[in-house]
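I have placed the structure first, in the form of structure tokens, so that the comments after it can refer back to it.
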Amino acid sequence: MTATFSNFARSLTVETAFTVLAVAKRLKAAGKDVVELEIGDSPFDSTSSARKAGVVAIEENQSHYCPSPGIPPFLEAAAEFVSREFNIPAGPENIVAGPGAKIFEQFFCEAFLNSGDGVLVFSPFFPTYLPNVQRRGARVVFSVIRQETQFRPNLKDIRAFVEKDVAPKAIFLNSPHNPTGGITTQDDLKAIADLIRGKDIAVFSDEPYCHMVWKGKHHSLLEQPDMMNQAVAAFTFSKSYSMSGWRLGFAVTAQPVAEIIGKMINTTLSCTPPLVQFAGVAALQEDHAERNETMQKFREKVTLLTEGLNAIEGFTTIDPTATFYVFPNVMEVCNRLGITSHGLAMYLLEGADDQFGIACLGGECFGDAGHGFLRFSCAEPNERLTQALEFLPTAIARKDRIRKYLEQNTHFSLPTPYDCSIG
Ligand SMILES: Cc1ncc(COP(=O)(O)O)c(C=O)c1O
């Protein structure tokens, strides 16, 4: 290889969940029993009407190119769905289909950002926001969200960004929030809309967990007056309909923005596979009851994991508000063991036992503000979650193994103790 990589390629950071997943799969292939709580995937089957419609679509040869923004039945079904469920005033002209929600991060950045523009990102954050902002040479401004305020966005920071930044241009909002499980309340959304309305500021409103709100119901920024003109909301079939591998999602936004994103799809992906979109139409129109039952099962898992973790000394988790993640503060444990939080996560997977391991992530995989936390997903059956919970206190008590693991992985030694007064 002689051609040198671009600066962007050399600085590219990735979603650590996929890296840890590779380690977990390798250990499993070598015979280790691993409870996989690292990746935000559903342990359930894709909903049944979606599966049937996908098969029918293949048999009916819906397997050719289609319009870049999506097939009309999909655009109509998605518009009807967000109006009905989330009170978003959308028509088919406001929808663009894509292979999942993640791709819209890139298209949003390409649609609105120029070099040097300021982008407010709440930290901890979903890891792929940063590379997408960096693709455009834009500038990230962080606002820390904290456990003591249920991981809600800090309105003072938003005001300061809008009023004082040299070139404020965009905000990445993610509610319900991965990794923390917090939400932006309806009052917060109203306040955010009031702060940005009429200004040259665009919001990426990332809403993959819209059916996983365990207290109250989901609210979208797009429900607020005029926000359709200033926001791109991203939805996905990955979580609500357990369809992560189909790769299907959609964006909701003002018609001119939808047209621009349609052009971006034209120039990159050409289109989203029509047979997958047909499966999505069936999910949206016919799978409500099954989806709601599955969401209830997730809720039980989150409760099981939260209560189990809170019973372990040194683990403090907020009462779950949303998502299928549990994000305990483990600073005390890390300080006691002299290990970073991602070091602790990797120790639980690799070092704590020869036969058994737990795959999870250190909060720092989601930015510096995640230091001292662990993220567990609920992607395994309940009895496996219980097994993991039972193993945790034993694993943490194995001082000799921790010492050995840190000797072999010195980069996981905690240089200075976490400040436990900051939640
Ligand atoms: C906050 C957030 N945004 C986007 C995505 C990507 O979802 P998709 O599978 O639809 O691309 C995820 C998936 O975990 C997520 O947690």
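By convention here, the chains of the structure tokens are called A, B, ... in the order presented, each chain's residues are numbered starting at 1, and ligands are numbered starting at 1 in the order presented.
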Write out, as a tab-separated table, each residue of chain A that has an atom at most 10 Å from ligand 1, together with the closest pair of atoms and their distance in Å to one decimal, counting only C-alpha atoms and all ligand atoms, rows going by chain and rising number.
```
residue	atom	partner	partner_atom_place_in_ligand_line	distance
A:Glu15	CA	ligand 1	14 (O)	9.4
A:Ala17	CA	ligand 1	14 (O)	9.2
A:Ile39	CA	ligand 1	14 (O)	7.6
A:Gly40	CA	ligand 1	14 (O)	5.2
A:Asp41	CA	ligand 1	14 (O)	7.2
A:Gly98	CA	ligand 1	10 (O)	8.8
A:Pro99	CA	ligand 1	11 (O)	6.9
A:Gly100	CA	ligand 1	10 (O)	3.4
A:Ala101	CA	ligand 1	10 (O)	3.7
A:Lys102	CA	ligand 1	11 (O)	3.9
A:Ile103	CA	ligand 1	11 (O)	6.6
A:Phe104	CA	ligand 1	11 (O)	8.6
A:Glu105	CA	ligand 1	4 (C)	8.2
A:Phe125	CA	ligand 1	1 (C)	7.9
A:Phe126	CA	ligand 1	1 (C)	5.3
A:Pro127	CA	ligand 1	1 (C)	8.6
A:Thr128	CA	ligand 1	3 (N)	8.2
A:Tyr129	CA	ligand 1	3 (N)	8.7
A:Leu173	CA	ligand 1	1 (C)	9.2
A:Asn174	CA	ligand 1	1 (C)	6.1
A:Ser175	CA	ligand 1	1 (C)	8.0
A:Pro176	CA	ligand 1	1 (C)	8.0
A:His177	CA	ligand 1	1 (C)	6.4
A:Asn178	CA	ligand 1	1 (C)	5.1
A:Pro179	CA	ligand 1	16 (O)	7.4
A:Ser205	CA	ligand 1	3 (N)	9.4
A:Asp206	CA	ligand 1	3 (N)	5.8
A:Glu207	CA	ligand 1	1 (C)	7.0
A:Pro208	CA	ligand 1	2 (C)	5.9
A:Tyr209	CA	ligand 1	16 (O)	7.6
A:Ala234	CA	ligand 1	4 (C)	7.9
A:Phe235	CA	ligand 1	10 (O)	6.9
A:Thr236	CA	ligand 1	10 (O)	4.4
A:Phe237	CA	ligand 1	10 (O)	6.4
A:Ser238	CA	ligand 1	9 (O)	5.0
A:Lys239	CA	ligand 1	9 (O)	7.6
A:Ser242	CA	ligand 1	9 (O)	9.7
A:Met243	CA	ligand 1	9 (O)	8.2
A:Ser244	CA	ligand 1	9 (O)	5.2
A:Gly245	CA	ligand 1	9 (O)	7.8
A:Trp246	CA	ligand 1	9 (O)	8.9
A:Arg247	CA	ligand 1	9 (O)	6.3
A:Leu248	CA	ligand 1	10 (O)	6.4
A:Gly249	CA	ligand 1	10 (O)	5.6
A:Phe250	CA	ligand 1	10 (O)	8.5
A:Thr323	CA	ligand 1	16 (O)	9.0
A:Phe324	CA	ligand 1	16 (O)	9.8
A:Tyr325	CA	ligand 1	16 (O)	9.6
```
Please report, as a ChimeraX atom specification, each residue of range 251-422 of chain A to which DSSP assigns helix (DSSP H, G or I) when run on this structure's backbone. /A:255-268,274-286,288-310,331-337,341-351,363-366,368-370,382-397,399-408,410-412
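For the set A:Thr268, A:Thr321, A:Thr316, A:Asn335, the residue with the smallest atom-to-atom gap to Cys210 in chain A is A:Thr321, counting only C-alpha atoms.
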Distance query Asn266 in chain A at most 9 Å, only C-alpha atoms, self and fewer than 6 positions along chain excluded, as an MDAnalysis selection string: chainID A and resid 67:69
Surrounding residues of Glu307 in chain A excluding itself and chain neighbours under 3 positions, 10 Å, only C-alpha atoms, as a PyMOL selection string: chain A and resi 301-304+310-312+316-320+389
Just want the 8 Å neighbourhood of Val203 in chain A, counted on only C-alpha atoms, with same-chain residues fewer than 6 positions away dropped. Output as a PyMOL selection string. chain A and resi 170-173+230-232
Listing only residues of range 23-139 of chain A within 12 Å of range 278-291 of chain A, what is the closest atom pair and its distance in Å (to one decimal) for each, using only C-alpha atoms, sorted by chain and residue number ascending, as JSON lines?
```
{"residue": "A:Ser42", "atom": "CA", "partner": "A:Arg291", "partner_atom": "CA", "distance": 11.8}
{"residue": "A:Phe44", "atom": "CA", "partner": "A:Arg291", "partner_atom": "CA", "distance": 10.3}
{"residue": "A:Asp45", "atom": "CA", "partner": "A:Glu290", "partner_atom": "CA", "distance": 10.6}
{"residue": "A:Ser46", "atom": "CA", "partner": "A:Ala283", "partner_atom": "CA", "distance": 9.1}
{"residue": "A:Thr47", "atom": "CA", "partner": "A:Asp287", "partner_atom": "CA", "distance": 6.4}
{"residue": "A:Ser48", "atom": "CA", "partner": "A:Asp287", "partner_atom": "CA", "distance": 7.3}
{"residue": "A:Ser49", "atom": "CA", "partner": "A:Ala282", "partner_atom": "CA", "distance": 5.6}
{"residue": "A:Ala50", "atom": "CA", "partner": "A:Ala279", "partner_atom": "CA", "distance": 4.3}
{"residue": "A:Arg51", "atom": "CA", "partner": "A:Ala279", "partner_atom": "CA", "distance": 6.5}
{"residue": "A:Lys52", "atom": "CA", "partner": "A:Ala279", "partner_atom": "CA", "distance": 7.5}
{"residue": "A:Ala53", "atom": "CA", "partner": "A:Ala279", "partner_atom": "CA", "distance": 4.9}
{"residue": "A:Gly54", "atom": "CA", "partner": "A:Ala279", "partner_atom": "CA", "distance": 4.7}
{"residue": "A:Val55", "atom": "CA", "partner": "A:Ala279", "partner_atom": "CA", "distance": 8.4}
{"residue": "A:Val56", "atom": "CA", "partner": "A:Ala279", "partner_atom": "CA", "distance": 8.9}
{"residue": "A:Ala57", "atom": "CA", "partner": "A:Phe278", "partner_atom": "CA", "distance": 6.7}
{"residue": "A:Ile58", "atom": "CA", "partner": "A:Phe278", "partner_atom": "CA", "distance": 9.8}
{"residue": "A:Glu60", "atom": "CA", "partner": "A:Phe278", "partner_atom": "CA", "distance": 11.1}
{"residue": "A:Asn61", "atom": "CA", "partner": "A:Phe278", "partner_atom": "CA", "distance": 11.6}
{"residue": "A:Gln62", "atom": "CA", "partner": "A:Phe278", "partner_atom": "CA", "distance": 8.6}
{"residue": "A:Ser63", "atom": "CA", "partner": "A:Phe278", "partner_atom": "CA", "distance": 10.8}
{"residue": "A:Cys66", "atom": "CA", "partner": "A:Phe278", "partner_atom": "CA", "distance": 11.8}
{"residue": "A:Gly70", "atom": "CA", "partner": "A:Phe278", "partner_atom": "CA", "distance": 10.3}
{"residue": "A:Ile71", "atom": "CA", "partner": "A:Phe278", "partner_atom": "CA", "distance": 8.5}
{"residue": "A:Pro72", "atom": "CA", "partner": "A:Val281", "partner_atom": "CA", "distance": 10.3}
{"residue": "A:Pro73", "atom": "CA", "partner": "A:Val281", "partner_atom": "CA", "distance": 7.1}
{"residue": "A:Phe74", "atom": "CA", "partner": "A:Val281", "partner_atom": "CA", "distance": 5.5}
{"residue": "A:Leu75", "atom": "CA", "partner": "A:Val281", "partner_atom": "CA", "distance": 8.8}
{"residue": "A:Glu76", "atom": "CA", "partner": "A:Val281", "partner_atom": "CA", "distance": 8.9}
{"residue": "A:Ala77", "atom": "CA", "partner": "A:Val281", "partner_atom": "CA", "distance": 6.0}
{"residue": "A:Ala78", "atom": "CA", "partner": "A:Leu284", "partner_atom": "CA", "distance": 7.3}
{"residue": "A:Ala79", "atom": "CA", "partner": "A:Leu284", "partner_atom": "CA", "distance": 10.3}
{"residue": "A:Glu80", "atom": "CA", "partner": "A:Leu284", "partner_atom": "CA", "distance": 9.2}
{"residue": "A:Phe81", "atom": "CA", "partner": "A:Leu284", "partner_atom": "CA", "distance": 6.8}
{"residue": "A:Val82", "atom": "CA", "partner": "A:Leu284", "partner_atom": "CA", "distance": 9.9}
{"residue": "A:Arg84", "atom": "CA", "partner": "A:Leu284", "partner_atom": "CA", "distance": 11.0}
{"residue": "A:Glu85", "atom": "CA", "partner": "A:Leu284", "partner_atom": "CA", "distance": 10.7}
{"residue": "A:Ala97", "atom": "CA", "partner": "A:Gly280", "partner_atom": "CA", "distance": 10.1}
{"residue": "A:Gly98", "atom": "CA", "partner": "A:Gly280", "partner_atom": "CA", "distance": 11.3}
{"residue": "A:Pro99", "atom": "CA", "partner": "A:Gly280", "partner_atom": "CA", "distance": 11.2}
{"residue": "A:Gly100", "atom": "CA", "partner": "A:Gly280", "partner_atom": "CA", "distance": 11.2}
```
I'd like a table as CSV: residues in range 392-413 of chain A with an atom no more than 12 Å from range 376-388 of chain A, each row giving the shortest atom pair and its distance in Å to one decimal, only C-alpha atoms counted, sorted by chain and rising residue number.
```
residue,atom,partner,partner_atom,distance
A:Leu392,CA,A:Ala388,CA,6.3
A:Pro393,CA,A:Ala388,CA,9.6
A:Thr394,CA,A:Ala388,CA,10.3
A:Ala395,CA,A:Ala388,CA,10.1
```
Store the residues picked out above, limited to N, CA, C and O atoms, as a PDB file, in the first residue's frame.
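Result saved to selection38.pdb:
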```pdb
ATOM      1  N   LEU A 392     -21.223 -10.977  38.930  1.00  0.00           N
ATOM      2  CA  LEU A 392     -20.533  -9.691  39.140  1.00  0.00           C
ATOM      3  C   LEU A 392     -19.827  -9.555  40.501  1.00  0.00           C
ATOM      4  O   LEU A 392     -18.622  -9.247  40.530  1.00  0.00           O
ATOM      5  N   PRO A 393     -20.521  -9.780  41.637  1.00  0.00           N
ATOM      6  CA  PRO A 393     -19.826  -9.610  42.928  1.00  0.00           C
ATOM      7  C   PRO A 393     -18.629 -10.551  43.076  1.00  0.00           C
ATOM      8  O   PRO A 393     -17.580 -10.167  43.604  1.00  0.00           O
ATOM      9  N   THR A 394     -18.770 -11.795  42.555  1.00  0.00           N
ATOM     10  CA  THR A 394     -17.665 -12.759  42.624  1.00  0.00           C
ATOM     11  C   THR A 394     -16.480 -12.224  41.822  1.00  0.00           C
ATOM     12  O   THR A 394     -15.325 -12.242  42.272  1.00  0.00           O
ATOM     13  N   ALA A 395     -16.770 -11.748  40.625  1.00  0.00           N
ATOM     14  CA  ALA A 395     -15.710 -11.269  39.726  1.00  0.00           C
ATOM     15  C   ALA A 395     -14.941 -10.109  40.360  1.00  0.00           C
ATOM     16  O   ALA A 395     -13.704 -10.065  40.334  1.00  0.00           O
TER      17      ALA A 395
END
```
Please provide as a PDB file with N, CA, C and O atoms, in the first residue's frame all residues within 12 Å of Asp200 in chain A, with the sequence filter that same-chain residues fewer than 4 positions apart are discarded (counting only C-alpha atoms).
```pdb
ATOM      1  N   PHE A 112     -26.060  20.343   6.398  1.00  0.00           N
ATOM      2  CA  PHE A 112     -26.051  21.616   7.120  1.00  0.00           C
ATOM      3  C   PHE A 112     -24.677  22.158   7.515  1.00  0.00           C
ATOM      4  O   PHE A 112     -24.567  23.343   7.789  1.00  0.00           O
ATOM      5  N   LEU A 113     -23.650  21.308   7.576  1.00  0.00           N
ATOM      6  CA  LEU A 113     -22.406  21.783   8.196  1.00  0.00           C
ATOM      7  C   LEU A 113     -21.323  22.177   7.206  1.00  0.00           C
ATOM      8  O   LEU A 113     -21.088  21.475   6.214  1.00  0.00           O
ATOM      9  N   ASP A 117     -18.078  25.192  11.632  1.00  0.00           N
ATOM     10  CA  ASP A 117     -19.377  25.380  12.288  1.00  0.00           C
ATOM     11  C   ASP A 117     -19.394  24.683  13.651  1.00  0.00           C
ATOM     12  O   ASP A 117     -18.821  23.600  13.807  1.00  0.00           O
ATOM     13  N   GLY A 118     -20.099  25.276  14.602  1.00  0.00           N
ATOM     14  CA  GLY A 118     -20.202  24.691  15.943  1.00  0.00           C
ATOM     15  C   GLY A 118     -21.362  23.709  16.028  1.00  0.00           C
ATOM     16  O   GLY A 118     -22.460  23.981  15.532  1.00  0.00           O
ATOM     17  N   VAL A 162     -26.112  28.720  21.804  1.00  0.00           N
ATOM     18  CA  VAL A 162     -26.871  29.479  20.800  1.00  0.00           C
ATOM     19  C   VAL A 162     -26.466  30.953  20.825  1.00  0.00           C
ATOM     20  O   VAL A 162     -26.311  31.594  19.781  1.00  0.00           O
ATOM     21  N   GLU A 163     -26.246  31.492  22.030  1.00  0.00           N
ATOM     22  CA  GLU A 163     -26.025  32.939  22.145  1.00  0.00           C
ATOM     23  C   GLU A 163     -24.552  33.330  22.078  1.00  0.00           C
ATOM     24  O   GLU A 163     -24.226  34.444  21.679  1.00  0.00           O
ATOM     25  N   ALA A 167     -19.921  30.332  15.923  1.00  0.00           N
ATOM     26  CA  ALA A 167     -20.679  29.950  14.721  1.00  0.00           C
ATOM     27  C   ALA A 167     -21.606  28.776  15.046  1.00  0.00           C
ATOM     28  O   ALA A 167     -21.429  27.671  14.539  1.00  0.00           O
ATOM     29  N   PRO A 168     -22.620  29.009  15.884  1.00  0.00           N
ATOM     30  CA  PRO A 168     -23.488  27.883  16.265  1.00  0.00           C
ATOM     31  C   PRO A 168     -24.314  27.423  15.075  1.00  0.00           C
ATOM     32  O   PRO A 168     -24.928  28.245  14.406  1.00  0.00           O
ATOM     33  N   LYS A 169     -24.319  26.139  14.760  1.00  0.00           N
ATOM     34  CA  LYS A 169     -25.050  25.701  13.572  1.00  0.00           C
ATOM     35  C   LYS A 169     -25.943  24.484  13.802  1.00  0.00           C
ATOM     36  O   LYS A 169     -26.981  24.351  13.156  1.00  0.00           O
ATOM     37  N   ALA A 170     -25.537  23.591  14.715  1.00  0.00           N
ATOM     38  CA  ALA A 170     -26.341  22.369  14.845  1.00  0.00           C
ATOM     39  C   ALA A 170     -26.278  21.807  16.258  1.00  0.00           C
ATOM     40  O   ALA A 170     -25.342  22.088  17.014  1.00  0.00           O
ATOM     41  N   ILE A 171     -27.298  21.016  16.581  1.00  0.00           N
ATOM     42  CA  ILE A 171     -27.359  20.330  17.877  1.00  0.00           C
ATOM     43  C   ILE A 171     -27.710  18.872  17.603  1.00  0.00           C
ATOM     44  O   ILE A 171     -28.607  18.590  16.808  1.00  0.00           O
ATOM     45  N   LEU A 195     -35.639  28.179  22.274  1.00  0.00           N
ATOM     46  CA  LEU A 195     -34.286  28.764  22.189  1.00  0.00           C
ATOM     47  C   LEU A 195     -33.782  28.866  20.755  1.00  0.00           C
ATOM     48  O   LEU A 195     -33.005  29.762  20.428  1.00  0.00           O
ATOM     49  N   ILE A 196     -34.200  27.948  19.892  1.00  0.00           N
ATOM     50  CA  ILE A 196     -33.603  27.931  18.537  1.00  0.00           C
ATOM     51  C   ILE A 196     -34.549  28.414  17.437  1.00  0.00           C
ATOM     52  O   ILE A 196     -34.104  28.672  16.324  1.00  0.00           O
ATOM     53  N   ASN A 229     -39.162  22.490  10.324  1.00  0.00           N
ATOM     54  CA  ASN A 229     -38.277  23.278   9.445  1.00  0.00           C
ATOM     55  C   ASN A 229     -36.845  23.340   9.946  1.00  0.00           C
ATOM     56  O   ASN A 229     -35.955  23.756   9.220  1.00  0.00           O
ATOM     57  N   GLN A 230     -36.632  22.962  11.183  1.00  0.00           N
ATOM     58  CA  GLN A 230     -35.274  23.116  11.730  1.00  0.00           C
ATOM     59  C   GLN A 230     -34.671  21.812  12.217  1.00  0.00           C
ATOM     60  O   GLN A 230     -33.605  21.827  12.830  1.00  0.00           O
ATOM     61  N   ALA A 231     -35.372  20.697  11.978  1.00  0.00           N
ATOM     62  CA  ALA A 231     -34.843  19.443  12.530  1.00  0.00           C
ATOM     63  C   ALA A 231     -34.974  18.301  11.532  1.00  0.00           C
ATOM     64  O   ALA A 231     -35.827  18.317  10.648  1.00  0.00           O
TER      65      ALA A 231
END
```
Excluding Gly362 in chain A and any residue of its chain fewer than 5 positions from it, enumerate the residues within 7 Å of it, using only C-alpha atoms, and give them as a PDB file with all heavy atoms, in the first residue's frame.
```
ATOM      1  N   SER A 341     -13.173   2.331  33.999  1.00  0.00           N
ATOM      2  CA  SER A 341     -14.465   1.643  33.824  1.00  0.00           C
ATOM      3  C   SER A 341     -14.453   0.730  32.600  1.00  0.00           C
ATOM      4  O   SER A 341     -14.999  -0.379  32.649  1.00  0.00           O
ATOM      5  CB  SER A 341     -15.629   2.629  33.790  1.00  0.00           C
ATOM      6  OG  SER A 341     -15.303   3.837  33.191  1.00  0.00           O
ATOM      7  N   HIS A 342     -13.802   1.145  31.509  1.00  0.00           N
ATOM      8  CA  HIS A 342     -13.753   0.209  30.375  1.00  0.00           C
ATOM      9  C   HIS A 342     -12.806  -0.952  30.691  1.00  0.00           C
ATOM     10  O   HIS A 342     -13.017  -2.076  30.224  1.00  0.00           O
ATOM     11  CB  HIS A 342     -13.363   0.908  29.067  1.00  0.00           C
ATOM     12  CG  HIS A 342     -13.621   0.032  27.872  1.00  0.00           C
ATOM     13  ND1 HIS A 342     -14.862  -0.505  27.599  1.00  0.00           N
ATOM     14  CD2 HIS A 342     -12.798  -0.449  26.901  1.00  0.00           C
ATOM     15  CE1 HIS A 342     -14.799  -1.268  26.520  1.00  0.00           C
ATOM     16  NE2 HIS A 342     -13.564  -1.254  26.075  1.00  0.00           N
ATOM     17  N   ALA A 345     -14.908  -3.344  32.453  1.00  0.00           N
ATOM     18  CA  ALA A 345     -15.762  -4.064  31.486  1.00  0.00           C
ATOM     19  C   ALA A 345     -14.956  -5.180  30.803  1.00  0.00           C
ATOM     20  O   ALA A 345     -15.423  -6.327  30.703  1.00  0.00           O
ATOM     21  CB  ALA A 345     -16.306  -3.087  30.445  1.00  0.00           C
ATOM     22  N   PHE A 373     -18.634   4.834  34.551  1.00  0.00           N
ATOM     23  CA  PHE A 373     -19.917   4.155  34.377  1.00  0.00           C
ATOM     24  C   PHE A 373     -19.714   2.892  33.539  1.00  0.00           C
ATOM     25  O   PHE A 373     -18.711   2.766  32.819  1.00  0.00           O
ATOM     26  CB  PHE A 373     -20.912   5.067  33.639  1.00  0.00           C
ATOM     27  CG  PHE A 373     -21.385   6.239  34.452  1.00  0.00           C
ATOM     28  CD1 PHE A 373     -20.589   7.386  34.582  1.00  0.00           C
ATOM     29  CD2 PHE A 373     -22.607   6.213  35.096  1.00  0.00           C
ATOM     30  CE1 PHE A 373     -21.011   8.463  35.345  1.00  0.00           C
ATOM     31  CE2 PHE A 373     -23.045   7.287  35.867  1.00  0.00           C
ATOM     32  CZ  PHE A 373     -22.241   8.420  35.988  1.00  0.00           C
ATOM     33  N   LEU A 374     -20.677   1.972  33.631  1.00  0.00           N
ATOM     34  CA  LEU A 374     -20.707   0.815  32.728  1.00  0.00           C
ATOM     35  C   LEU A 374     -22.024   0.850  31.971  1.00  0.00           C
ATOM     36  O   LEU A 374     -23.042   1.277  32.519  1.00  0.00           O
ATOM     37  CB  LEU A 374     -20.644  -0.503  33.508  1.00  0.00           C
ATOM     38  CG  LEU A 374     -19.325  -0.887  34.182  1.00  0.00           C
ATOM     39  CD1 LEU A 374     -19.521  -2.220  34.939  1.00  0.00           C
ATOM     40  CD2 LEU A 374     -18.189  -1.035  33.170  1.00  0.00           C
ATOM     41  N   ARG A 375     -22.000   0.398  30.702  1.00  0.00           N
ATOM     42  CA  ARG A 375     -23.273   0.271  29.989  1.00  0.00           C
ATOM     43  C   ARG A 375     -23.572  -1.201  29.729  1.00  0.00           C
ATOM     44  O   ARG A 375     -22.771  -1.900  29.101  1.00  0.00           O
ATOM     45  CB  ARG A 375     -23.278   1.027  28.659  1.00  0.00           C
ATOM     46  CG  ARG A 375     -24.704   1.100  28.082  1.00  0.00           C
ATOM     47  CD  ARG A 375     -24.754   1.459  26.625  1.00  0.00           C
ATOM     48  NE  ARG A 375     -24.410   0.329  25.770  1.00  0.00           N
ATOM     49  CZ  ARG A 375     -24.588   0.301  24.452  1.00  0.00           C
ATOM     50  NH1 ARG A 375     -25.122   1.353  23.849  1.00  0.00           N
ATOM     51  NH2 ARG A 375     -24.229  -0.750  23.742  1.00  0.00           N
TER      52      ARG A 375
END
```
Enter the distance from CA of Val119 in chain A to CA of Arg139 in chain A, in Å, rounded to one decimal. 6.0 Å
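Counting only C-alpha atoms and comparing A:Asp226, A:Gly357, A:Arg146, A:Glu390, the residue that lies closest to Gly31 in chain A is A:Gly357.
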Given only C-alpha atoms as the counted atoms, nearest of A:Ala397, A:Asp353, A:Phe142, A:Glu364 to Glu313 in chain A: A:Ala397
Check range 161-247 of chain A with DSSP on the backbone and list each residue it calls strand (DSSP E), as an mmCIF file with N, CA, C and O atoms, in the first residue's frame.
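File states-v4.cif, as written:
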```
data_model
loop_
_atom_site.group_PDB
_atom_site.id
_atom_site.type_symbol
_atom_site.label_atom_id
_atom_site.label_comp_id
_atom_site.auth_asym_id
_atom_site.auth_seq_id
_atom_site.Cartn_x
_atom_site.Cartn_y
_atom_site.Cartn_z
ATOM 1 N N PRO A 168 -22.620 29.009 15.884
ATOM 2 C CA PRO A 168 -23.488 27.883 16.265
ATOM 3 C C PRO A 168 -24.314 27.423 15.075
ATOM 4 O O PRO A 168 -24.928 28.245 14.406
ATOM 5 N N LYS A 169 -24.319 26.139 14.760
ATOM 6 C CA LYS A 169 -25.050 25.701 13.572
ATOM 7 C C LYS A 169 -25.943 24.484 13.802
ATOM 8 O O LYS A 169 -26.981 24.351 13.156
ATOM 9 N N ALA A 170 -25.537 23.591 14.715
ATOM 10 C CA ALA A 170 -26.341 22.369 14.845
ATOM 11 C C ALA A 170 -26.278 21.807 16.258
ATOM 12 O O ALA A 170 -25.342 22.088 17.014
ATOM 13 N N ILE A 171 -27.298 21.016 16.581
ATOM 14 C CA ILE A 171 -27.359 20.330 17.877
ATOM 15 C C ILE A 171 -27.710 18.872 17.603
ATOM 16 O O ILE A 171 -28.607 18.590 16.808
ATOM 17 N N PHE A 172 -26.976 17.962 18.246
ATOM 18 C CA PHE A 172 -27.344 16.535 18.202
ATOM 19 C C PHE A 172 -28.122 16.221 19.475
ATOM 20 O O PHE A 172 -27.575 16.298 20.575
ATOM 21 N N LEU A 173 -29.380 15.890 19.285
ATOM 22 C CA LEU A 173 -30.241 15.564 20.427
ATOM 23 C C LEU A 173 -30.607 14.097 20.305
ATOM 24 O O LEU A 173 -30.922 13.635 19.202
ATOM 25 N N ASN A 174 -30.549 13.357 21.398
ATOM 26 C CA ASN A 174 -30.863 11.922 21.331
ATOM 27 C C ASN A 174 -31.763 11.585 22.519
ATOM 28 O O ASN A 174 -31.312 11.489 23.637
ATOM 29 N N ALA A 202 -29.775 23.901 13.077
ATOM 30 C CA ALA A 202 -30.499 22.671 12.745
ATOM 31 C C ALA A 202 -30.277 21.644 13.850
ATOM 32 O O ALA A 202 -29.195 21.593 14.445
ATOM 33 N N VAL A 203 -31.281 20.828 14.096
ATOM 34 C CA VAL A 203 -31.166 19.783 15.132
ATOM 35 C C VAL A 203 -31.268 18.418 14.483
ATOM 36 O O VAL A 203 -32.163 18.173 13.663
ATOM 37 N N PHE A 204 -30.338 17.527 14.865
ATOM 38 C CA PHE A 204 -30.495 16.113 14.512
ATOM 39 C C PHE A 204 -31.149 15.457 15.711
ATOM 40 O O PHE A 204 -30.554 15.372 16.782
ATOM 41 N N SER A 205 -32.388 15.033 15.537
ATOM 42 C CA SER A 205 -33.141 14.464 16.655
ATOM 43 C C SER A 205 -33.192 12.946 16.476
ATOM 44 O O SER A 205 -33.966 12.427 15.691
ATOM 45 N N ASP A 206 -32.324 12.278 17.223
ATOM 46 C CA ASP A 206 -32.108 10.837 17.040
ATOM 47 C C ASP A 206 -33.078 10.082 17.967
ATOM 48 O O ASP A 206 -32.954 10.164 19.182
ATOM 49 N N ALA A 231 -35.372 20.697 11.978
ATOM 50 C CA ALA A 231 -34.843 19.443 12.530
ATOM 51 C C ALA A 231 -34.974 18.301 11.532
ATOM 52 O O ALA A 231 -35.827 18.317 10.648
ATOM 53 N N VAL A 232 -34.076 17.330 11.705
ATOM 54 C CA VAL A 232 -34.190 16.052 10.995
ATOM 55 C C VAL A 232 -34.324 15.008 12.095
ATOM 56 O O VAL A 232 -33.418 14.846 12.913
ATOM 57 N N ALA A 233 -35.479 14.335 12.155
ATOM 58 C CA ALA A 233 -35.655 13.279 13.165
ATOM 59 C C ALA A 233 -35.383 11.941 12.503
ATOM 60 O O ALA A 233 -35.811 11.693 11.378
ATOM 61 N N ALA A 234 -34.638 11.078 13.210
ATOM 62 C CA ALA A 234 -34.297 9.763 12.647
ATOM 63 C C ALA A 234 -34.977 8.665 13.461
ATOM 64 O O ALA A 234 -34.888 8.647 14.699
ATOM 65 N N PHE A 235 -35.659 7.784 12.753
ATOM 66 C CA PHE A 235 -36.337 6.633 13.376
ATOM 67 C C PHE A 235 -35.801 5.350 12.744
ATOM 68 O O PHE A 235 -35.291 5.371 11.628
ATOM 69 N N THR A 236 -35.951 4.237 13.475
ATOM 70 C CA THR A 236 -35.418 2.974 12.964
ATOM 71 C C THR A 236 -36.336 1.802 13.284
ATOM 72 O O THR A 236 -37.123 1.867 14.238
#
```
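With only C-alpha atoms as the atoms that count, the residue of A:Lys28, A:His371, A:Arg401, A:Arg299 with the shortest distance to Glu332 in chain A is A:His371.
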For a quick check of understanding, using only C-alpha atoms, which of A:Thr340, A:Pro89, A:Val133, A:Arg10 has the smallest distance to Ala254 in chain A? A:Pro89
